[in-house]
file work29.cif (mmCIF, C-alpha atoms)
data_data
loop_
_atom_site.label_atom_id
_atom_site.label_comp_id
_atom_site.auth_asym_id
_atom_site.auth_seq_id
_atom_site.Cartn_x
_atom_site.Cartn_y
_atom_site.Cartn_z
CA MET A 278 0.67 9.82 27.74
CA ARG A 279 -2.88 10.64 26.64
CA CYS A 280 -5.08 8.34 24.52
CA GLU A 281 -4.79 10.77 21.61
CA ASP A 282 -0.98 10.63 21.82
CA LEU A 283 -1.00 6.84 21.87
CA VAL A 284 -3.22 6.59 18.79
CA SER A 285 -1.02 9.05 16.89
CA VAL A 286 2.10 6.89 17.30
CA ILE A 287 0.72 3.38 16.74
CA THR A 288 2.51 3.12 13.38
CA ASP A 289 5.82 4.02 14.99
CA TYR A 290 5.21 1.45 17.70
CA LEU A 291 4.44 -1.29 15.18
CA GLU A 292 7.46 -0.40 13.03
CA GLY A 293 9.77 -0.38 16.03
CA GLY A 294 10.66 3.30 15.54
CA MET A 295 10.44 4.34 19.20
CA SER A 296 12.88 4.79 22.05
CA SER A 297 12.68 2.10 24.73
CA GLU A 298 11.42 4.67 27.28
CA PHE A 299 8.62 5.84 24.99
CA ARG A 300 7.78 2.25 24.13
CA ALA A 301 7.47 1.42 27.83
CA GLU A 302 5.24 4.47 28.34
CA PHE A 303 3.07 3.35 25.40
CA GLU A 304 2.71 -0.15 26.86
CA ARG A 305 2.06 1.21 30.36
CA HIS A 306 -0.77 3.37 29.06
CA MET A 307 -2.27 0.43 27.17
CA GLY A 308 -2.15 -1.65 30.34
CA ASP A 309 -4.14 1.01 32.20
CA CYS A 310 -6.60 1.97 29.45
CA PRO A 311 -9.00 -0.66 28.05
CA SER A 312 -10.11 1.68 25.25
CA CYS A 313 -6.55 2.20 24.04
CA LEU A 314 -5.87 -1.52 24.25
CA ALA A 315 -9.03 -2.17 22.21
CA PHE A 316 -8.06 0.53 19.74
CA PHE A 317 -4.56 -0.89 19.34
CA GLU A 318 -5.77 -4.47 18.88
CA THR A 319 -8.41 -3.53 16.32
CA TYR A 320 -5.89 -1.32 14.45
CA LYS A 321 -3.45 -4.23 14.34
CA LYS A 322 -6.20 -6.59 13.20
CA THR A 323 -7.17 -4.18 10.42
CA LYS A 324 -3.55 -4.11 9.24
CA GLU A 325 -3.35 -7.92 9.42
CA LEU A 326 -6.57 -8.40 7.42
CA THR A 327 -5.44 -5.84 4.83
CA SER A 328 -2.14 -7.66 4.36
CA GLU A 329 -4.06 -10.84 3.49
CA ILE A 330 -5.73 -9.15 0.53
CA ALA A 331 -3.98 -10.22 -2.63
CA CYS A 332 -3.27 -7.99 -5.57
CA GLU A 333 -4.77 -9.23 -8.80
CA ASP A 334 -2.42 -11.45 -10.79
CA ILE A 335 -1.38 -10.30 -14.22
CA PRO A 336 -2.89 -12.54 -16.93
CA ASP A 337 -0.22 -14.60 -18.73
CA ALA A 338 -1.45 -13.29 -22.09
CA VAL A 339 -0.81 -9.69 -21.01
CA GLN A 340 2.64 -10.53 -19.76
CA GLU A 341 3.48 -12.23 -23.07
CA ARG A 342 2.11 -9.28 -25.04
CA VAL A 343 4.37 -6.88 -23.20
CA ARG A 344 7.31 -9.23 -23.58
CA ASN A 345 6.73 -9.47 -27.34
CA LEU A 346 6.45 -5.71 -27.64
CA LEU A 347 9.77 -5.21 -25.88
CA LYS A 348 11.32 -7.93 -28.04
CA LYS A 349 10.24 -6.03 -31.15
CA LYS A 350 11.75 -2.83 -29.73
CA LEU A 351 14.96 -4.68 -29.03
CA ALA A 352 15.10 -5.95 -32.58
CA SER A 353 14.40 -2.56 -34.17
CA MET B 262 10.78 -14.78 -11.45
CA GLU B 263 12.98 -13.45 -8.64
CA ILE B 264 15.03 -10.32 -9.22
CA ARG B 265 18.55 -11.40 -8.37
CA ASP B 266 20.59 -8.23 -8.31
CA ASP B 267 19.49 -4.75 -9.32
CA ALA B 268 22.93 -3.49 -10.35
CA GLU B 269 23.58 -6.56 -12.44
CA LEU B 270 20.16 -6.36 -14.08
CA VAL B 271 20.66 -2.68 -14.93
CA LYS B 272 24.00 -3.47 -16.53
CA ARG B 273 22.45 -6.22 -18.63
CA LEU B 274 19.47 -4.05 -19.57
CA LYS B 275 21.84 -1.33 -20.74
CA ALA B 276 23.62 -3.95 -22.84
CA LYS B 277 20.18 -4.86 -24.30
CA GLU B 278 20.50 -8.50 -23.31
CA PRO B 279 17.26 -10.38 -24.15
CA SER B 280 17.43 -12.39 -20.93
CA ALA B 281 17.54 -9.14 -18.94
CA MET B 282 14.43 -7.96 -20.71
CA ASP B 283 12.68 -11.20 -19.74
CA GLU B 284 13.79 -10.69 -16.16
CA LEU B 285 12.37 -7.18 -16.23
CA VAL B 286 9.03 -8.36 -17.61
CA TYR B 287 8.63 -11.40 -15.37
CA GLY B 288 10.02 -9.67 -12.30
CA TYR B 289 8.07 -6.42 -12.46
CA SER B 290 4.98 -6.70 -14.68
CA GLY B 291 2.97 -8.48 -11.96
CA LYS B 292 3.88 -5.91 -9.31
CA ILE B 293 3.02 -2.98 -11.58
CA TYR B 294 -0.21 -4.64 -12.69
CA GLY B 295 -1.31 -5.38 -9.11
CA LEU B 296 -0.79 -1.78 -8.05
CA ALA B 297 -2.32 -0.31 -11.22
CA VAL B 298 -5.50 -2.43 -10.98
CA LYS B 299 -6.03 -1.17 -7.43
CA LEU B 300 -5.44 2.45 -8.45
CA LEU B 301 -7.32 2.46 -11.75
CA LYS B 302 -9.98 -0.08 -10.83
CA ASN B 303 -9.93 -1.78 -14.22
CA GLN B 304 -7.78 -4.31 -16.02
CA PRO B 305 -7.43 -2.77 -19.50
CA ASP B 306 -6.02 0.46 -18.05
CA ALA B 307 -3.70 -1.55 -15.80
CA GLU B 308 -2.45 -3.45 -18.85
CA ASP B 309 -1.63 -0.12 -20.53
CA ILE B 310 0.28 0.97 -17.43
CA VAL B 311 2.38 -2.21 -17.45
CA GLN B 312 3.16 -1.80 -21.13
CA ASP B 313 3.91 1.95 -20.97
CA THR B 314 6.04 1.56 -17.85
CA LEU B 315 8.23 -1.30 -19.05
CA LEU B 316 8.62 0.30 -22.46
CA LYS B 317 9.80 3.51 -20.81
CA VAL B 318 12.14 1.61 -18.50
CA PHE B 319 13.58 -0.19 -21.48
CA GLU B 320 13.99 3.03 -23.50
CA LYS B 321 15.35 5.17 -20.66
CA ILE B 322 17.53 2.65 -18.87
CA ASP B 323 20.66 4.49 -20.05
CA THR B 324 19.55 7.52 -18.02
CA PHE B 325 19.17 5.47 -14.82
CA ARG B 326 22.05 6.49 -12.55
CA GLY B 327 21.37 4.14 -9.67
CA GLU B 328 20.66 6.93 -7.18
CA SER B 329 17.59 4.99 -6.08
CA ALA B 330 16.76 1.29 -6.24
CA LEU B 331 15.71 0.09 -9.68
CA SER B 332 12.38 -1.06 -8.24
CA SER B 333 11.68 2.44 -6.85
CA TRP B 334 12.45 4.01 -10.23
CA ILE B 335 10.13 1.54 -11.97
CA TYR B 336 7.36 2.09 -9.42
CA ARG B 337 7.73 5.84 -9.82
CA ILE B 338 7.30 5.61 -13.59
CA ALA B 339 4.27 3.33 -13.12
CA LEU B 340 2.71 5.75 -10.61
CA ASN B 341 3.22 8.71 -12.94
CA PHE B 342 1.48 6.89 -15.79
CA SER B 343 -1.30 5.79 -13.43
CA TYR B 344 -1.91 9.30 -12.09
CA MET B 345 -1.97 10.71 -15.63
CA LYS B 346 -4.62 8.18 -16.60
CA ILE B 347 -6.65 8.92 -13.47
CA ARG B 348 -6.55 12.66 -14.20
CA LYS B 349 -7.72 12.05 -17.78
CA GLY B 350 -10.60 9.82 -16.67
CA SER B 351 -13.94 10.67 -15.16
CA LYS B 352 -13.93 12.45 -11.84
CA ASN B 353 -13.86 10.09 -8.89
CA GLU B 354 -15.60 10.70 -5.61
CA TYR B 355 -13.66 9.83 -2.51
CA ALA B 356 -14.59 9.44 1.11
CA SER B 357 -13.64 12.32 3.38
CA ILE B 358 -10.99 10.68 5.49
CA ASP B 359 -11.24 13.35 8.21
CA ASP B 360 -14.77 12.20 9.03
CA HIS B 361 -13.38 8.80 9.98
CA MET B 362 -10.59 9.81 12.33
CA PRO B 363 -10.92 8.82 16.01
CA LYS B 364 -12.57 11.36 18.29
CA PHE B 365 -11.12 12.54 21.60
CA GLU B 366 -12.18 14.75 24.46
CA LYS B 367 -10.29 17.99 25.11
CA SER B 368 -8.33 16.09 27.74
CA GLY B 369 -7.09 13.70 25.01
CA MET B 370 -9.13 10.73 26.28
CA HIS B 371 -11.31 8.67 23.93
CA LEU B 372 -14.68 10.35 23.49
CA SER B 373 -16.48 7.03 24.01
CA PRO B 374 -15.35 3.53 25.04
CA VAL B 375 -13.74 1.58 22.21
CA CYS B 376 -15.17 -1.85 21.35
CA ASN B 377 -12.64 -4.62 20.90
CA TRP B 378 -13.77 -6.74 17.94
CA ALA B 379 -10.28 -8.02 17.15
CA GLU B 380 -10.83 -11.55 18.49
CA LYS B 381 -14.16 -11.93 16.71
CA ALA B 382 -12.37 -11.24 13.44
CA ASP B 383 -10.48 -14.52 13.88
CA ASP B 384 -13.60 -16.45 12.94
CA LYS B 385 -13.01 -17.84 9.42
CA LEU B 386 -16.26 -16.69 7.86
CA LEU B 387 -16.17 -13.27 9.45
CA ARG B 388 -12.58 -12.84 8.39
CA LYS B 389 -13.62 -13.31 4.79
CA GLU B 390 -16.47 -10.81 5.15
CA MET B 391 -14.24 -8.27 6.83
CA LYS B 392 -11.64 -8.54 4.10
CA SER B 393 -14.23 -7.89 1.46
CA HIS B 394 -15.42 -4.91 3.53
CA ILE B 395 -11.84 -3.62 3.63
CA MET B 396 -11.56 -4.02 -0.16
CA GLU B 397 -14.73 -1.96 -0.64
CA ASN B 398 -13.34 0.76 1.59
CA ILE B 399 -9.94 0.80 -0.14
CA GLU B 400 -11.88 1.73 -3.30
CA LYS B 401 -13.16 4.83 -1.48
CA LEU B 402 -9.66 6.12 -0.70
CA SER B 403 -8.12 8.80 -2.90
CA GLU B 404 -5.00 7.83 -4.86
CA LYS B 405 -2.64 9.49 -2.42
CA TYR B 406 -3.80 7.24 0.41
CA LYS B 407 -4.46 4.19 -1.72
CA THR B 408 -0.97 4.20 -3.25
CA VAL B 409 0.76 4.14 0.12
CA LEU B 410 -1.61 1.58 1.65
CA VAL B 411 -1.43 -0.84 -1.29
CA MET B 412 2.35 -0.64 -1.60
CA ARG B 413 3.00 -0.93 2.14
CA ASP B 414 0.27 -3.18 3.52
CA ILE B 415 -0.73 -5.28 0.50
CA GLN B 416 2.42 -5.50 -1.62
CA GLY B 417 4.61 -5.56 1.48
CA LEU B 418 7.17 -2.91 0.53
CA SER B 419 9.02 -1.28 3.41
CA THR B 420 8.21 2.28 4.45
CA SER B 421 11.51 3.51 3.02
CA GLU B 422 10.86 1.73 -0.29
CA VAL B 423 7.44 3.39 -0.51
CA ALA B 424 9.03 6.75 0.30
CA GLU B 425 11.64 6.32 -2.42
CA ALA B 426 9.10 5.18 -5.02
CA THR B 427 6.61 7.97 -4.29
CA GLY B 428 9.15 10.74 -3.70
CA MET B 429 7.69 11.34 -0.24
CA THR B 430 9.53 11.60 3.07
CA ILE B 431 9.36 8.66 5.48
CA PRO B 432 7.30 10.65 8.06
CA ALA B 433 4.87 11.65 5.29
CA VAL B 434 4.48 8.01 4.21
CA LYS B 435 3.89 6.95 7.82
CA SER B 436 1.32 9.69 8.35
CA ARG B 437 -0.59 8.87 5.17
CA LEU B 438 -0.46 5.15 5.91
CA HIS B 439 -1.69 5.72 9.46
CA ARG B 440 -4.66 7.78 8.26
CA ALA B 441 -5.55 5.18 5.63
CA ARG B 442 -5.42 2.41 8.25
CA LEU B 443 -7.54 4.50 10.65
CA PHE B 444 -10.10 4.94 7.89
CA LEU B 445 -10.25 1.18 7.25
CA ARG B 446 -10.38 0.43 10.96
CA ASP B 447 -13.26 2.84 11.40
CA GLY B 448 -15.14 1.09 8.58
CA LEU B 449 -14.72 -2.25 10.35
CA SER B 450 -15.83 -0.74 13.66
CA ASP B 451 -19.00 0.56 12.02
CA TYR B 452 -19.53 -2.91 10.65
CA TYR B 453 -19.19 -4.26 14.20
CA ASN B 454 -21.47 -1.63 15.71
CA GLY B 455 -24.04 -2.37 13.04
CA GLY B 456 -24.35 -5.79 14.65
CA VAL B 457 -22.76 -7.72 11.80
CA LEU B 458 -19.88 -9.08 13.82
#
call {"tool": "encode", "arguments": {"input": "work29.cif", "output": "structure tokens"}}
result
Amino acid sequence: MRCEDLVSVITDYLEGGMSSEFRAEFERHMGDCPSCLAFFETYKKTKELTSEIACEDIPDAVQERVRNLLKKKLAS
Amino acid sequence: MEIRDDAELVKRLKAKEPSAMDELVYGYSGKIYGLAVKLLKNQPDAEDIVQDTLLKVFEKIDTFRGESALSSWIYRIALNFSYMKIRKGSKNEYASIDDHMPKFEKSGMHLSPVCNWAEKADDKLLRKEMKSHIMENIEKLSEKYKTVLVMRDIQGLSTSEVAEATGMTIPAVKSRLHRARLFLRDGLSDYYNGGVL
């Protein structure tokens, strides 16, 4: 496995969509290549930090406005 | 409000039950709003998307055949309204994602050694700074990348749910997601190399 190959399949590795042989090859390469290990860990950290970003909450007033609009539609 | 059972909710929506309508509003308006704010970058437009989407769901529920999950159908309607609004608005400038892909030698090895800043990012203060850096860079992504990244990595939908909602194949979702993550990772690496971390 080359570094370029490893980087191209990181998503598959993280999602568990890999055969056990390919997974072992991926891990073997990471064990031998500090740059790939660094790349993998920083990729995973980026994903982790992104997942901690919250989507903006909908204001209650907006939610009620939409609810009232649908209520009117239901009544008509 | 938790969505209990899609099939049951659809049945009740078709029967025009008021409690089903409440379930629809409380169960989905927040999700639609969260996605729309990220895509449209402003609250008033996101409010319109929530309203237009739920109104359409309510009006067209009789045409819903259950071939996809209700949530995917709702997301798809919300995305269509969002993209229409984006097209009507002023032209956005996006980062060229290709410029931020990792570089390799002909042999397939990394062109230069890769710095490992992952552990440093565990520091509380830096973590906060890095997240705000990520948010800035998400703004620079075009809708096609932003949609997949927000749905998958921020809203926590599965890859197959994102595929169903966007009408893309699973490999296409994975590829787009991967490129978006590489772009964000590269931004953080630049941050590190600039001596901030």
call {"tool": "interface_residues", "arguments": {"input": "work29.cif", "of": "chain B", "to": "chain A", "cutoff": "8 Å", "atoms": "all atoms listed in the file", "output": "count of residues only"}}
result
47
call {"tool": "atom_distance", "arguments": {"input": "work29.cif", "atom1": "CA of Met295 (chain A)", "atom2": "CA of Leu402 (chain B)"}}
result
28.3 Å
call {"tool": "residues_near_point", "arguments": {"input": "work29.cif", "point": "(13.5, 2.0, -4.8)", "cutoff": "6 Å", "atoms": "only C-alpha atoms", "output": "MDAnalysis selection string"}}
result
chainID B and resid 329:334 422 425:426
call {"tool": "closest_residue", "arguments": {"input": "work29.cif", "among": "B:Ser450, B:Ser351, B:Ser343, B:Thr430", "to": "His394 (chain B)", "atoms": "all atoms listed in the file"}}
result
B:Ser450
call {"tool": "closest_residue", "arguments": {"input": "work29.cif", "among": "B:Asp306, B:Asp323, B:Asp384, B:Glu390", "to": "Lys349 (chain B)", "atoms": "all atoms listed in the file"}}
result
B:Asp306
call {"tool": "atom_distance", "arguments": {"input": "work29.cif", "atom1": "CA of Thr427 (chain B)", "atom2": "CA of Lys346 (chain B)"}}
result
16.7 Å
call {"tool": "residues_around", "arguments": {"input": "work29.cif", "residues": "Pro432 (chain B)", "least_positions_apart": "6", "cutoff": "10 Å", "atoms": "only C-alpha atoms", "output": "ChimeraX atom specification"}}
result
/A:289 /B:420-421,424,438
call {"tool": "decode", "arguments": {"input": "work29.cif", "residues": "chain A", "atoms": "C-alpha atoms", "output": "JSON list (two decimals), in the first residue's frame"}}
result
[["chain", "number", "residue", "atom", "x", "y", "z"],
["A", 278, "MET", "CA", 0.00, 0.00, 0.00],
["A", 279, "ARG", "CA", 1.28, 3.48, -0.88],
["A", 280, "CYS", "CA", 0.64, 6.62, 1.20],
["A", 281, "GLU", "CA", -1.65, 7.96, -1.53],
["A", 282, "ASP", "CA", -3.72, 4.75, -1.41],
["A", 283, "LEU", "CA", -4.03, 4.94, 2.36],
["A", 284, "VAL", "CA", -5.23, 8.54, 2.30],
["A", 285, "SER", "CA", -7.82, 7.74, -0.36],
["A", 286, "VAL", "CA", -9.51, 5.09, 1.79],
["A", 287, "ILE", "CA", -9.48, 6.72, 5.23],
["A", 288, "THR", "CA", -13.27, 7.25, 5.11],
["A", 289, "ASP", "CA", -13.82, 3.57, 4.34],
["A", 290, "TYR", "CA", -11.52, 2.62, 7.20],
["A", 291, "LEU", "CA", -13.36, 4.86, 9.66],
["A", 292, "GLU", "CA", -16.77, 3.62, 8.51],
["A", 293, "GLY", "CA", -15.71, 0.00, 8.78],
["A", 294, "GLY", "CA", -16.28, -0.63, 5.06],
["A", 295, "MET", "CA", -13.12, -2.64, 4.42],
["A", 296, "SER", "CA", -12.20, -6.31, 4.24],
["A", 297, "SER", "CA", -10.18, -7.57, 7.20],
["A", 298, "GLU", "CA", -7.15, -8.17, 4.94],
["A", 299, "PHE", "CA", -7.24, -4.62, 3.57],
["A", 300, "ARG", "CA", -7.77, -3.25, 7.05],
["A", 301, "ALA", "CA", -4.70, -5.12, 8.28],
["A", 302, "GLU", "CA", -2.69, -3.77, 5.33],
["A", 303, "PHE", "CA", -3.90, -0.24, 6.15],
["A", 304, "GLU", "CA", -2.84, -0.62, 9.79],
["A", 305, "ARG", "CA", 0.49, -2.20, 8.83],
["A", 306, "HIS", "CA", 1.31, 0.74, 6.58],
["A", 307, "MET", "CA", 0.38, 3.21, 9.31],
["A", 308, "GLY", "CA", 2.67, 1.37, 11.72],
["A", 309, "ASP", "CA", 5.58, 1.76, 9.30],
["A", 310, "CYS", "CA", 4.90, 5.31, 8.08],
["A", 311, "PRO", "CA", 4.94, 8.21, 10.58],
["A", 312, "SER", "CA", 3.55, 10.62, 7.97],
["A", 313, "CYS", "CA", 0.54, 8.41, 7.27],
["A", 314, "LEU", "CA", -0.05, 7.93, 10.99],
["A", 315, "ALA", "CA", 0.11, 11.72, 11.46],
["A", 316, "PHE", "CA", -2.20, 12.23, 8.49],
["A", 317, "PHE", "CA", -4.70, 9.71, 9.82],
["A", 318, "GLU", "CA", -4.71, 11.14, 13.35],
["A", 319, "THR", "CA", -5.13, 14.72, 12.17],
["A", 320, "TYR", "CA", -7.90, 13.66, 9.74],
["A", 321, "LYS", "CA", -9.69, 11.89, 12.60],
["A", 322, "LYS", "CA", -9.22, 14.92, 14.85],
["A", 323, "THR", "CA", -10.66, 17.20, 12.17],
["A", 324, "LYS", "CA", -13.73, 14.95, 11.93],
["A", 325, "GLU", "CA", -14.06, 14.88, 15.73],
["A", 326, "LEU", "CA", -13.83, 18.68, 16.04],
["A", 327, "THR", "CA", -16.33, 19.15, 13.20],
["A", 328, "SER", "CA", -18.81, 16.84, 14.92],
["A", 329, "GLU", "CA", -18.69, 19.07, 18.01],
["A", 330, "ILE", "CA", -19.93, 22.06, 16.04],
["A", 331, "ALA", "CA", -23.60, 22.54, 16.74],
["A", 332, "CYS", "CA", -26.18, 23.57, 14.20],
["A", 333, "GLU", "CA", -28.01, 26.73, 15.11],
["A", 334, "ASP", "CA", -31.20, 26.11, 17.07],
["A", 335, "ILE", "CA", -34.47, 27.21, 15.55],
["A", 336, "PRO", "CA", -35.97, 30.13, 17.50],
["A", 337, "ASP", "CA", -39.18, 29.12, 19.33],
["A", 338, "ALA", "CA", -41.04, 32.01, 17.68],
["A", 339, "VAL", "CA", -40.20, 30.67, 14.21],
["A", 340, "GLN", "CA", -41.30, 27.19, 15.14],
["A", 341, "GLU", "CA", -44.61, 28.53, 16.46],
["A", 342, "ARG", "CA", -45.12, 30.64, 13.34],
["A", 343, "VAL", "CA", -44.74, 27.60, 11.11],
["A", 344, "ARG", "CA", -46.99, 25.57, 13.38],
["A", 345, "ASN", "CA", -49.70, 28.25, 13.22],
["A", 346, "LEU", "CA", -49.42, 28.46, 9.45],
["A", 347, "LEU", "CA", -49.91, 24.71, 9.11],
["A", 348, "LYS", "CA", -52.80, 24.85, 11.56],
["A", 349, "LYS", "CA", -54.49, 27.45, 9.35],
["A", 350, "LYS", "CA", -53.94, 25.22, 6.30],
["A", 351, "LEU", "CA", -55.43, 22.31, 8.17],
["A", 352, "ALA", "CA", -58.49, 24.34, 9.06],
["A", 353, "SER", "CA", -59.04, 25.66, 5.52]]
